[in-house]
Amino acid sequence: MTTQAMKRVDPATLRRVICAASIGNFVEWFDFAVYGFLATTIAQQFFPSGDASAALLKTFAVFAVAFAFRPLGGIFFGMLGDRIGRKKTLALTILLMAGATTLIGVLPNYAAIGVLAPALLTLIRCAQGFSAGGEYAGACAYLMEHAPRTERAWYGSFVPVSTFSAFACAAVVAYALEASLSPEAMGSWGWRLPFLVAAPLGLVGLYLRWRLDETPAFQAVAKEHAVAHSPLRETLKSHGAAICYLGAFISLTALSFYMFTTYFATYLQVAGGLSRATALLVSVIALVFAAAICPLAGAYSDRVGRRKTIASACILLLVAVYPAFLLASSGSFLASILGVLMLAIGAVLCNVVTAVLLSETFPTRTRYTASAITYNLAYTIFGGTAPLMATWLITSTGSNLSPAFYLMVIAVIALVGGMALPETSKISLHGTDSSADSDTVVRATA
């Protein structure tokens, strides 16, 4: 380990690192949130149909298709990040994400260009999914490789803070548009405004990222000429077990996150009978609460360790999900808020510990590739399909509570996978011996 790798990063640099890592993550999730919150409007613009449920299903299907490209993006940008560094790769991802999001804001609708409109929407969403595939895991690695060893979860919690804040801002924007514009104006041009915000945000993020240095951990690996020549092959050869264990837990992170942040606004309207504006207001309250408690969840994880945090998150969701859905379907404003807040606590714990586990589970030389593959596969299978799966379950079973049972099953799987991981809260992130680190990661401790 080099002196450079061991040296503690000064607080001013850490603050800049947090801002640079968070703003790209904010842009990524703001776009996905806006798409979810405006799903019914987007359905009318791009999938006109006499059956509102069919149009909504098509809209969420496009949402899910974009996630299919996230693992591909994760592999591409992960390999790039492990070869040329985190900084340059993250600058590229934010540029591509912001550009694709801006294009949605200027895309003609079905009435203007017919079937080409949903086709172009799907294509742009796929480009977004591809670029986003390299964003979250890279942002976490960039921040974790700067953070002090004993406070990684606390510092890492600011990445989920930016995620929940992005959803809160998207909900506020959607709520403001719904409250201030007529349905005609909203359908004509109002829905486009949130997507156009991505352009200036992306430029600011690009500027912040380009000004920062590469992480100490990657600089140490590069200085020792230990950069992986084939990070994908090395990842698949050495980290298969770790990917499976961590991926099983992240499946719950993905599902609880999208149930809570994206689908619940629709659920409150469909099952609870709330107006769209009221449902968005409930979401804003819950999202602000989630962002506020992220640092507390990070401090908790640093204090008790990763395995106890994993267990806490899984058990909390198992216990809270059924009453949360029951309260949210009651049609009561206050009961809906209580139900969403119950689900928020478990979702926050999952997201915060996932942010740090992505870096602690894998060694520096393949960290970007391995974490991006793990994260994006789980989010593609369980996150991107969450709104579609929930809508299908309710339609098929006739029960508004069926998504709750689906989440409970995944919570059990996540608990089994998470408990197979070792305790990693105090390990160093600056090792260059891939095989040694891998053996440590896949051997669970008592």
# chains A, B, ... in the order shown; residues from 1 in each chain; ligands from 1
call {"tool": "select_by_dssp", "arguments": {"residues": "range 113-325 of chain A", "states": "helix (DSSP H, G or I)", "output": "ChimeraX atom specification"}}
result
/A:113,116-132,136-144,149-156,158-180,183-188,190-196,198-211,216-223,231-238,240-270,276-304,306-325
call {"tool": "residues_around", "arguments": {"residues": "range 280-290 of chain A", "least_positions_apart": "4", "cutoff": "7 Å", "atoms": "only C-alpha atoms", "output": "number ranges by chain"}}
result
A: 164-165, 167-168, 171-172, 175, 265, 276, 294, 337, 340-341, 344, 348
call {"tool": "write_last_selection", "arguments": {"atoms": "C-alpha atoms", "output": "compact mmCIF listing (two decimals), in the first residue's frame"}}
result
# COMPACT_ATOMS: atom_id res chain seq x y z
CA PHE A 164 -34.02 10.57 -2.84
CA SER A 165 -33.57 14.33 -3.29
CA PHE A 167 -37.09 12.02 -6.63
CA ALA A 168 -38.34 14.68 -4.20
CA ALA A 171 -42.22 15.10 -7.42
CA VAL A 172 -42.27 18.82 -6.50
CA TYR A 175 -46.88 18.54 -8.41
CA ALA A 265 -47.44 7.68 -6.59
CA ARG A 276 -52.63 12.87 -8.87
CA CYS A 294 -29.87 8.70 4.96
CA ILE A 337 -48.33 9.27 4.51
CA VAL A 340 -45.22 5.39 2.76
CA LEU A 341 -42.99 6.44 5.68
CA ALA A 344 -39.23 4.42 3.47
CA VAL A 348 -33.29 3.86 3.03
call {"tool": "atom_distance", "arguments": {"atom1": "CA of Tyr258 in chain A", "atom2": "CA of Pro403 in chain A"}}
result
11.8 Å
call {"tool": "closest_residue", "arguments": {"among": "A:Thr354, A:Ser330, A:Ser188, A:Thr366", "to": "Arg152 in chain A", "atoms": "only C-alpha atoms"}}
result
A:Thr354
call {"tool": "residues_around", "arguments": {"residues": "range 78-84 of chain A", "least_positions_apart": "5", "cutoff": "10 Å", "atoms": "only C-alpha atoms", "output": "ChimeraX atom specification"}}
result
/A:71-73,89-90,133-135,137-138,141,214,218,221-222,227-233,235,364-373
call {"tool": "residues_around", "arguments": {"residues": "Ala386 in chain A", "least_positions_apart": "4", "cutoff": "7 Å", "atoms": "only C-alpha atoms", "output": "list in words"}}
result
Leu255, Tyr258, Met259, Phe382 and Ala390 of chain A
call {"tool": "write_last_selection", "arguments": {"atoms": "C-alpha atoms", "output": "CSV table (one decimal), in the first residue's frame"}}
result
chain,number,residue,atom,x,y,z
A,255,LEU,CA,-37.5,-3.4,-5.6
A,258,TYR,CA,-38.8,1.6,-7.0
A,259,MET,CA,-41.9,0.5,-5.1
A,382,PHE,CA,-36.1,-6.3,-9.9
A,390,ALA,CA,-46.9,-4.4,-9.5
call {"tool": "residues_around", "arguments": {"residues": "Gly305 in chain A", "least_positions_apart": "5", "cutoff": "9 Å", "atoms": "only C-alpha atoms", "output": "VMD selection string"}}
result
chain A and resid 300 310 423 to 426
call {"tool": "residues_around", "arguments": {"residues": "range 58-70 of chain A", "least_positions_apart": "6", "cutoff": "8 Å", "atoms": "only C-alpha atoms", "output": "PyMOL selection string"}}
result
chain A and resi 35-36+39+42-43+47+122+125-134+376-377+379-380+384-385+387-388
call {"tool": "atom_distance", "arguments": {"atom1": "CA of Ala320 in chain A", "atom2": "CA of Ser332 in chain A"}}
result
18.0 Å
call {"tool": "atom_distance", "arguments": {"atom1": "CA of Cys244 in chain A", "atom2": "CA of Gly417 in chain A"}}
result
7.5 Å
